[in-house]
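Raw contents of input29.csv, CSV, C-alpha atoms and all ligand atoms:
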```
chain,number,residue,atom,x,y,z
A,260,MET,CA,-20.6,25.0,2.1
A,261,TYR,CA,-18.5,23.1,-0.4
A,262,LYS,CA,-16.0,20.6,0.8
A,263,ARG,CA,-13.8,20.4,-2.3
A,264,VAL,CA,-13.7,23.0,-5.0
A,265,LEU,CA,-11.8,23.6,-8.2
A,266,LEU,CA,-11.1,27.3,-8.7
A,267,LYS,CA,-10.3,28.4,-12.2
A,268,LEU,CA,-8.2,31.6,-12.3
A,269,SER,CA,-7.5,33.1,-15.7
A,270,GLY,CA,-4.1,34.5,-16.5
A,271,GLU,CA,-5.8,37.8,-17.2
A,272,ALA,CA,-7.1,37.9,-13.6
A,273,LEU,CA,-3.5,37.5,-12.3
A,274,ALA,CA,-2.3,40.4,-14.5
A,275,ALA,CA,-5.0,42.5,-12.8
A,276,GLY,CA,-4.9,46.0,-14.3
A,277,ARG,CA,-1.6,45.5,-16.1
A,278,GLY,CA,-2.9,43.3,-19.0
A,279,PHE,CA,0.4,41.4,-19.1
A,280,GLY,CA,2.4,39.4,-16.6
A,281,VAL,CA,1.6,39.1,-13.0
A,282,ASP,CA,0.6,41.9,-10.6
A,283,ALA,CA,2.5,41.0,-7.4
A,284,LEU,CA,0.1,42.9,-5.1
A,285,PHE,CA,-3.0,41.4,-6.7
A,286,ILE,CA,-1.6,37.9,-6.6
A,287,ASN,CA,-0.8,38.3,-2.9
A,288,ALA,CA,-4.3,39.4,-2.2
A,289,VAL,CA,-5.7,36.4,-4.2
A,290,ALA,CA,-3.4,34.1,-2.3
A,291,GLN,CA,-4.6,35.5,1.0
A,292,GLU,CA,-8.2,34.8,0.0
A,293,ILE,CA,-7.4,31.3,-1.1
A,294,ALA,CA,-5.6,30.7,2.2
A,295,GLU,CA,-8.7,31.9,4.1
A,296,VAL,CA,-10.8,29.4,2.2
A,297,ALA,CA,-8.4,26.6,2.9
A,298,ALA,CA,-8.3,27.6,6.6
A,299,THR,CA,-12.1,26.9,6.8
A,300,GLY,CA,-11.3,23.2,5.9
A,301,CYS,CA,-12.5,23.4,2.4
A,302,GLN,CA,-10.2,21.6,0.0
A,303,VAL,CA,-8.9,23.8,-2.7
A,304,ALA,CA,-7.5,22.9,-6.1
A,305,ILE,CA,-6.7,25.6,-8.7
A,306,VAL,CA,-6.3,25.6,-12.4
A,307,VAL,CA,-4.5,28.6,-13.7
A,308,GLY,CA,-4.7,30.1,-17.2
A,309,GLY,CA,-1.9,31.6,-19.1
A,310,GLY,CA,-3.5,34.3,-21.2
A,311,ASN,CA,-1.5,37.1,-19.5
A,312,PHE,CA,1.6,35.7,-21.2
A,313,PHE,CA,0.6,33.8,-24.3
A,314,ARG,CA,-2.3,32.2,-26.0
A,315,GLY,CA,-2.1,29.7,-28.8
A,316,VAL,CA,-4.8,31.5,-30.7
A,317,ALA,CA,-3.4,35.0,-30.0
A,318,GLU,CA,-2.7,37.5,-32.8
A,319,GLN,CA,1.1,37.1,-32.3
A,320,ALA,CA,0.8,33.4,-33.0
A,321,VAL,CA,-1.1,33.6,-36.4
A,322,HIS,CA,2.0,32.6,-38.3
A,323,MET,CA,3.1,29.9,-35.9
A,324,ASP,CA,2.4,26.2,-35.9
A,325,ARG,CA,-0.6,25.8,-33.6
A,326,VAL,CA,1.0,23.1,-31.5
A,327,ALA,CA,4.1,25.2,-30.9
A,328,ALA,CA,1.9,28.1,-30.0
A,329,ASP,CA,-0.1,26.0,-27.6
A,330,HIS,CA,3.0,24.7,-26.0
A,331,MET,CA,4.0,28.3,-25.3
A,332,GLY,CA,0.5,28.9,-23.9
A,333,MET,CA,0.8,25.9,-21.6
A,334,LEU,CA,4.3,27.0,-20.4
A,335,SER,CA,2.7,30.4,-19.5
A,336,THR,CA,0.3,28.7,-17.1
A,337,VAL,CA,3.4,27.2,-15.3
A,338,ILE,CA,4.8,30.7,-14.7
A,339,ASN,CA,1.5,31.7,-13.2
A,340,ALA,CA,1.3,28.5,-11.1
A,341,VAL,CA,4.8,29.1,-9.7
A,342,ALA,CA,3.9,32.7,-8.8
A,343,LEU,CA,0.7,31.6,-7.2
A,344,GLN,CA,2.5,28.8,-5.2
A,345,ASP,CA,5.0,31.4,-3.9
A,346,ALA,CA,2.3,33.8,-2.9
A,347,ILE,CA,0.1,31.2,-1.2
A,348,GLU,CA,3.1,29.7,0.6
A,349,LYS,CA,3.8,33.1,2.2
A,350,THR,CA,0.4,32.9,3.9
A,351,GLY,CA,1.6,29.8,5.7
A,352,GLN,CA,-0.5,27.3,3.7
A,353,THR,CA,1.1,24.3,2.0
A,354,VAL,CA,0.9,24.2,-1.8
A,355,ARG,CA,1.8,21.7,-4.5
A,356,VAL,CA,2.1,22.6,-8.1
A,357,MET,CA,1.3,19.6,-10.4
A,358,SER,CA,2.1,19.9,-14.1
A,359,ALA,CA,0.5,18.1,-16.9
A,360,ILE,CA,3.8,18.4,-18.8
A,361,ALA,CA,6.8,16.9,-17.0
A,362,MET,CA,9.2,19.4,-15.5
A,363,HIS,CA,10.4,17.7,-12.4
A,364,GLN,CA,12.7,20.6,-11.2
A,365,ILE,CA,9.7,22.9,-11.0
A,366,ALA,CA,6.6,20.9,-10.4
A,367,GLU,CA,5.3,17.5,-9.5
A,368,PRO,CA,3.9,15.5,-12.4
A,369,TYR,CA,0.2,15.4,-12.4
A,370,ILE,CA,-0.9,12.1,-10.9
A,371,ARG,CA,-4.6,12.0,-10.0
A,372,ARG,CA,-4.4,9.9,-6.9
A,373,ARG,CA,-1.5,12.0,-5.5
A,374,ALA,CA,-3.5,15.2,-6.2
A,375,VAL,CA,-6.4,13.8,-4.2
A,376,ARG,CA,-4.1,12.8,-1.4
A,377,HIS,CA,-2.6,16.3,-1.2
A,378,LEU,CA,-6.1,17.7,-1.0
A,379,GLU,CA,-7.1,15.2,1.8
A,380,LYS,CA,-4.1,16.4,3.7
A,381,GLY,CA,-5.2,20.0,3.4
A,382,ARG,CA,-2.7,21.0,0.9
A,383,ILE,CA,-3.7,23.4,-1.8
A,384,VAL,CA,-3.0,22.0,-5.3
A,385,VAL,CA,-2.3,24.2,-8.3
A,386,PHE,CA,-2.7,22.4,-11.6
A,387,ALA,CA,-0.3,23.8,-14.3
A,388,ALA,CA,0.1,23.2,-18.0
A,389,GLY,CA,-3.6,22.8,-18.7
A,390,THR,CA,-4.5,19.3,-20.0
A,391,GLY,CA,-1.0,18.9,-21.4
A,392,ASN,CA,-2.5,18.8,-24.9
A,393,PRO,CA,-2.6,21.4,-27.6
A,394,TYR,CA,-6.0,22.6,-29.0
A,395,PHE,CA,-7.5,22.7,-25.5
A,396,SER,CA,-8.0,25.6,-23.1
A,397,THR,CA,-7.5,25.9,-19.4
A,398,ASP,CA,-11.3,26.1,-19.0
A,399,THR,CA,-11.4,22.6,-20.4
A,400,ALA,CA,-8.5,21.6,-18.1
A,401,ALA,CA,-10.5,23.1,-15.1
A,402,ALA,CA,-13.6,21.0,-16.1
A,403,LEU,CA,-11.5,17.9,-16.5
A,404,ARG,CA,-9.6,18.2,-13.3
A,405,ALA,CA,-12.7,19.1,-11.3
A,406,MET,CA,-14.3,15.8,-12.4
A,407,GLU,CA,-11.1,13.8,-11.8
A,408,ILE,CA,-10.8,15.0,-8.2
A,409,ASN,CA,-14.6,14.8,-7.7
A,410,ALA,CA,-14.9,18.5,-6.9
A,411,ASP,CA,-18.3,19.7,-5.6
A,412,CYS,CA,-18.2,22.7,-7.9
A,413,LEU,CA,-16.2,24.5,-10.5
A,414,LEU,CA,-15.7,28.1,-9.4
A,415,LYS,CA,-14.8,30.3,-12.3
A,416,ALA,CA,-13.5,33.6,-11.0
A,417,THR,CA,-13.6,36.4,-13.6
A,418,SER,CA,-13.7,40.2,-13.9
A,419,VAL,CA,-17.5,40.2,-14.4
A,420,ASP,CA,-20.0,39.4,-11.6
A,421,GLY,CA,-21.8,36.6,-13.5
A,422,ILE,CA,-23.1,35.6,-16.8
A,423,TYR,CA,-25.0,38.1,-18.9
A,424,ASN,CA,-26.9,37.9,-22.2
A,425,ALA,CA,-24.6,40.6,-23.6
A,426,ASP,CA,-21.3,42.1,-22.5
A,427,PRO,CA,-22.2,44.3,-19.5
A,428,LYS,CA,-19.1,46.4,-20.1
A,429,LYS,CA,-20.5,47.4,-23.5
A,430,ASP,CA,-24.2,47.1,-23.2
A,431,ALA,CA,-26.0,48.9,-20.3
A,432,ASN,CA,-29.1,46.8,-20.9
A,433,ALA,CA,-27.4,43.4,-20.4
A,434,ILE,CA,-29.3,41.1,-18.2
A,435,LYS,CA,-27.6,38.8,-15.7
A,436,PHE,CA,-28.6,35.2,-15.3
A,437,GLU,CA,-28.9,34.1,-11.7
A,438,GLU,CA,-29.1,30.5,-12.9
A,439,ILE,CA,-28.6,29.0,-16.3
A,440,THR,CA,-28.1,25.6,-17.8
A,441,TYR,CA,-25.1,24.5,-19.9
A,442,MET,CA,-27.5,23.8,-22.8
A,443,GLN,CA,-28.8,27.4,-22.6
A,444,MET,CA,-25.2,28.7,-22.7
A,445,ILE,CA,-24.6,26.7,-25.8
A,446,GLN,CA,-27.9,27.8,-27.4
A,447,LEU,CA,-27.4,31.5,-26.6
A,448,GLY,CA,-23.8,31.3,-27.8
A,449,LEU,CA,-22.5,32.7,-24.5
A,450,LYS,CA,-18.7,32.8,-24.5
A,451,VAL,CA,-18.1,32.4,-20.8
A,452,MET,CA,-16.3,29.2,-21.5
A,453,ASP,CA,-15.3,27.4,-24.7
A,454,ILE,CA,-17.8,24.8,-26.0
A,455,SER,CA,-15.6,21.8,-25.2
A,456,ALA,CA,-15.4,22.8,-21.6
A,457,VAL,CA,-19.2,23.5,-21.5
A,458,SER,CA,-20.1,20.2,-23.0
A,459,LEU,CA,-17.7,18.3,-20.6
A,460,CYS,CA,-19.4,20.0,-17.6
A,461,LYS,CA,-22.9,19.3,-19.1
A,462,ASP,CA,-22.2,15.6,-19.8
A,463,ASN,CA,-20.9,15.1,-16.3
A,464,ASN,CA,-23.3,17.1,-14.2
A,465,LEU,CA,-20.6,19.5,-12.9
A,466,PRO,CA,-22.1,22.6,-11.4
A,467,MET,CA,-20.2,25.9,-11.9
A,468,VAL,CA,-20.4,29.3,-10.3
A,469,VAL,CA,-19.2,32.2,-12.4
A,470,PHE,CA,-18.4,35.2,-10.2
A,471,SER,CA,-16.2,38.3,-9.9
A,472,MET,CA,-13.0,38.2,-8.0
A,473,ARG,CA,-12.7,42.0,-8.1
A,474,GLU,CA,-14.4,42.2,-4.7
A,475,ARG,CA,-12.3,40.9,-1.9
A,476,GLY,CA,-13.8,38.0,0.0
A,477,ASN,CA,-15.9,36.7,-2.9
A,478,ILE,CA,-14.1,33.3,-3.2
A,479,LEU,CA,-14.9,32.6,0.5
A,480,ARG,CA,-18.5,33.8,0.1
A,481,VAL,CA,-19.1,31.5,-2.8
A,482,VAL,CA,-17.5,28.5,-1.0
A,483,GLN,CA,-19.7,29.2,2.0
A,484,GLY,CA,-22.8,29.0,-0.2
A,485,GLU,CA,-23.6,32.7,-0.6
A,486,LYS,CA,-25.6,33.3,-3.8
A,487,LEU,CA,-23.1,35.2,-5.9
A,488,GLY,CA,-22.6,35.5,-9.6
A,489,SER,CA,-24.4,33.0,-11.8
A,490,LEU,CA,-25.0,29.3,-11.1
A,491,VAL,CA,-24.7,27.0,-14.1
A,492,THR,CA,-26.1,23.5,-13.8
A,493,ALA,CA,-26.5,20.6,-16.2
B,501,LIG,N1,-3.4,25.5,-23.6
B,501,LIG,C1,-3.3,24.3,-24.3
B,501,LIG,N2,-3.8,23.2,-23.8
B,501,LIG,C2,-4.5,23.2,-22.6
B,501,LIG,C3,-4.6,24.4,-21.9
B,501,LIG,C4,-4.0,25.5,-22.4
B,501,LIG,O1,-2.7,24.2,-25.4
B,501,LIG,O2,-5.0,22.1,-22.2
B,501,LIG,C5,-2.7,26.7,-24.2
B,501,LIG,C6,-3.5,27.4,-25.2
B,501,LIG,O3,-2.6,27.9,-26.2
B,501,LIG,C7,-4.1,28.6,-24.4
B,501,LIG,C8,-3.0,28.9,-23.4
B,501,LIG,O4,-2.4,27.6,-23.1
B,501,LIG,O5,-4.4,29.7,-25.2
B,501,LIG,C9,-3.4,29.6,-22.2
B,501,LIG,O6,-4.5,29.1,-21.6
B,501,LIG,P1,-5.9,29.9,-21.6
B,501,LIG,O7,-6.0,30.7,-22.9
B,501,LIG,O8,-7.0,28.9,-21.3
B,501,LIG,O9,-5.7,30.9,-20.4
B,501,LIG,P2,-6.7,32.0,-19.7
B,501,LIG,O10,-7.5,32.5,-20.8
B,501,LIG,O11,-7.5,31.2,-18.7
B,501,LIG,O12,-5.7,32.9,-19.1
```

Final structure tokens representation of the file:
Amino acid sequence: MYKRVLLKLSGEALAAGRGFGVDALFINAVAQEIAEVAATGCQVAIVVGGGNFFRGVAEQAVHMDRVAADHMGMLSTVINAVALQDAIEKTGQTVRVMSAIAMHQIAEPYIRRRAVRHLEKGRIVVFAAGTGNPYFSTDTAAALRAMEINADCLLKATSVDGIYNADPKKDANAIKFEEITYMQMIQLGLKVMDISAVSLCKDNNLPMVVFSMRERGNILRVVQGEKLGSLVTA
């Protein structure tokens, strides 16, 4: 059973079947699961993505300045964080959104010690605006924040039930890795996470579990130590 986890939720996950924006029903279900995890006493911090609204590397941004596009991407994560905060609050749990980009009217500024204090008090913390820097991803933000708050594990919730040697949605012969190292992920060119996030996890011995959040209850199962998805170690 993990005591403190960093859960990475992609923007796509929050869009559920819609592909764009947030799916209110799905976000409520996810919030309920997160609340159940917090109710067990596990401290939960979350990094949300923003791909359901905008990505700096997206097709529609090809003619844009990359920094401007990444600023839009980071703002997208704030929209998701506010939606998630609202949904989690409705479950009765206390939540704080902390943003890497100052926007005091909407979120607290990210201050590491304060984030840790929130967690110690049993509050769920949602980290918004990625790392606050362009040219990064929210996967890298997740790895960074997980290390900063000394999380036991980085939980990457996706739409696939683990890491495969090929895309299981396209290749019926794709094989799932129960366990894999970050080095193997790099060598095999697996695109579960971008390379800067992978190397950050590798260099700092941060374990990660990649699992599907399509099945209800999976977040709690992983936190309680059930072998689900793929375990990545350094
Ligand atoms: N982003 C950024 N710096 C960060 C994190 C994110 O510039 O530290 C921007 C980047 O443009 C990215 C977008 O925010 O494409 C949304 O994040 P991401 O693509 O990681 O979201 P996800 O795929 O998890 O939904």

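Near A:Ala405, within 7 Å and counting all atoms listed in the file, sit Leu265, Ala410 and Leu413 of chain A; same-chain residues fewer than 5 positions away were not included.
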
Worksheet item: If you count only C-alpha atoms and all ligand atoms, which residues end up within 10 Å of ligand LIG 501 (chain B), as an MDAnalysis selection string?
Response: chainID A and resid 267:274 306:317 320 325:337 339 359 387:401 403 415 417 452:453

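Note that the spacing between atom CA of A:Ala290 and atom CA of A:Lys262 amounts to 18.7 Å.
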
Nearby residues (only C-alpha atoms) at most 7 Å from A:Gln352, same-chain spacing under 4 positions excluded, as an mmCIF file with C-alpha atoms, in the frame of the given file:
```cif
data_model
loop_
_atom_site.group_PDB
_atom_site.id
_atom_site.type_symbol
_atom_site.label_atom_id
_atom_site.label_comp_id
_atom_site.auth_asym_id
_atom_site.auth_seq_id
_atom_site.Cartn_x
_atom_site.Cartn_y
_atom_site.Cartn_z
ATOM 1 C CA ALA A 294 -5.600 30.700 2.200
ATOM 2 C CA ILE A 347 0.100 31.200 -1.200
ATOM 3 C CA GLU A 348 3.100 29.700 0.600
#
```

Discussion item. Report as a ChimeraX atom specification all protein, DNA and RNA residues lying within 10 Å of A:Leu449, evaluated on all atoms listed in the file, omitting residues in the same chain fewer than 3 positions from it.
Written reply: /A:422-426,441,443-446,452-454

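Nearest to A:Arg371 of all the residues A:Asn432, A:Asn287, A:Ala304, A:Leu414 is A:Ala304, counting all atoms listed in the file.
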
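The smallest atom-to-atom distance between A:His377 and any of A:Gln302, A:Ala342, A:Ala275, A:Val321, using all atoms listed in the file, is found for A:Gln302.
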
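The two atoms in question, atom CA of A:Ala340 and atom CA of A:Met472, are spaced 17.6 Å apart.
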
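Residue nearest A:Val384, chosen from A:Glu485, A:Glu367, A:Asp282, A:Asp411 and counting only C-alpha atoms: A:Glu367.
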
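Note that the spacing between atom CA of A:Met467 and atom CA of A:Val491 amounts to 5.1 Å.
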
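Of the listed residues (A:Arg480, A:Lys486, A:His363, A:Lys461), A:Lys461 comes nearest to A:Ala402; the distances count all atoms listed in the file.
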
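Remark: for A:Ile383, the closest of the candidate residues A:Ile338, A:Leu465, A:Leu343, A:Ile478 is A:Leu343 (distances computed over all atoms listed in the file).
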
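Nearest to A:Leu479 of all the residues A:Asp324, A:Ala283, A:Val264, A:Glu295 is A:Glu295, counting all atoms listed in the file.
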
Coordinate excerpt as a compact mmCIF listing (two decimals), in the first residue's frame: stretch 288-300 of chain A, all heavy atoms:
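Final output, saved to part_16.txt:
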```
# COMPACT_ATOMS: atom_id res chain seq x y z
N ALA A 288 -16.90 10.48 -11.99
CA ALA A 288 -16.54 9.10 -11.63
C ALA A 288 -15.08 9.03 -11.19
O ALA A 288 -14.75 8.36 -10.21
CB ALA A 288 -16.79 8.17 -12.82
N VAL A 289 -14.22 9.74 -11.91
CA VAL A 289 -12.79 9.75 -11.55
C VAL A 289 -12.61 10.40 -10.17
O VAL A 289 -11.87 9.90 -9.33
CB VAL A 289 -11.96 10.52 -12.61
CG1 VAL A 289 -10.52 10.69 -12.16
CG2 VAL A 289 -12.00 9.80 -13.95
N ALA A 290 -13.34 11.50 -9.96
CA ALA A 290 -13.25 12.21 -8.68
C ALA A 290 -13.67 11.30 -7.54
O ALA A 290 -13.05 11.28 -6.47
CB ALA A 290 -14.15 13.45 -8.73
N GLN A 291 -14.71 10.51 -7.78
CA GLN A 291 -15.20 9.58 -6.76
C GLN A 291 -14.11 8.56 -6.42
O GLN A 291 -13.86 8.26 -5.25
CB GLN A 291 -16.46 8.88 -7.31
CG GLN A 291 -17.25 8.11 -6.29
CD GLN A 291 -17.76 8.99 -5.16
OE1 GLN A 291 -18.34 10.04 -5.40
NE2 GLN A 291 -17.50 8.58 -3.91
N GLU A 292 -13.45 8.06 -7.45
CA GLU A 292 -12.37 7.08 -7.22
C GLU A 292 -11.22 7.70 -6.44
O GLU A 292 -10.66 7.07 -5.55
CB GLU A 292 -11.82 6.61 -8.57
CG GLU A 292 -12.62 5.51 -9.18
CD GLU A 292 -11.80 4.74 -10.21
OE1 GLU A 292 -10.70 4.28 -9.88
OE2 GLU A 292 -12.28 4.60 -11.35
N ILE A 293 -10.88 8.93 -6.81
CA ILE A 293 -9.77 9.62 -6.12
C ILE A 293 -10.14 9.83 -4.65
O ILE A 293 -9.33 9.63 -3.75
CB ILE A 293 -9.44 10.94 -6.84
CG1 ILE A 293 -8.83 10.64 -8.22
CG2 ILE A 293 -8.48 11.80 -6.01
CD1 ILE A 293 -8.73 11.83 -9.15
N ALA A 294 -11.39 10.20 -4.42
CA ALA A 294 -11.87 10.41 -3.05
C ALA A 294 -11.79 9.10 -2.25
O ALA A 294 -11.41 9.10 -1.07
CB ALA A 294 -13.30 10.94 -3.07
N GLU A 295 -12.11 7.99 -2.90
CA GLU A 295 -12.04 6.69 -2.22
C GLU A 295 -10.61 6.36 -1.83
O GLU A 295 -10.34 5.81 -0.77
CB GLU A 295 -12.60 5.58 -3.14
CG GLU A 295 -14.11 5.58 -3.19
CD GLU A 295 -14.69 4.77 -4.35
OE1 GLU A 295 -13.96 3.92 -4.91
OE2 GLU A 295 -15.87 5.00 -4.69
N VAL A 296 -9.67 6.71 -2.71
CA VAL A 296 -8.25 6.47 -2.41
C VAL A 296 -7.84 7.33 -1.21
O VAL A 296 -7.22 6.85 -0.26
CB VAL A 296 -7.36 6.80 -3.64
CG1 VAL A 296 -5.88 6.72 -3.27
CG2 VAL A 296 -7.66 5.84 -4.79
N ALA A 297 -8.23 8.61 -1.25
CA ALA A 297 -7.86 9.52 -0.16
C ALA A 297 -8.49 9.07 1.17
O ALA A 297 -7.87 9.21 2.22
CB ALA A 297 -8.30 10.94 -0.51
N ALA A 298 -9.69 8.49 1.08
CA ALA A 298 -10.37 8.04 2.30
C ALA A 298 -9.64 6.89 2.98
O ALA A 298 -9.80 6.66 4.18
CB ALA A 298 -11.81 7.63 1.96
N THR A 299 -8.78 6.17 2.24
CA THR A 299 -8.01 5.08 2.86
C THR A 299 -6.82 5.62 3.65
O THR A 299 -6.10 4.88 4.29
CB THR A 299 -7.47 4.10 1.80
OG1 THR A 299 -6.48 4.78 1.00
CG2 THR A 299 -8.56 3.53 0.91
N GLY A 300 -6.56 6.93 3.50
CA GLY A 300 -5.42 7.52 4.21
C GLY A 300 -4.21 7.74 3.32
O GLY A 300 -3.20 8.28 3.75
```
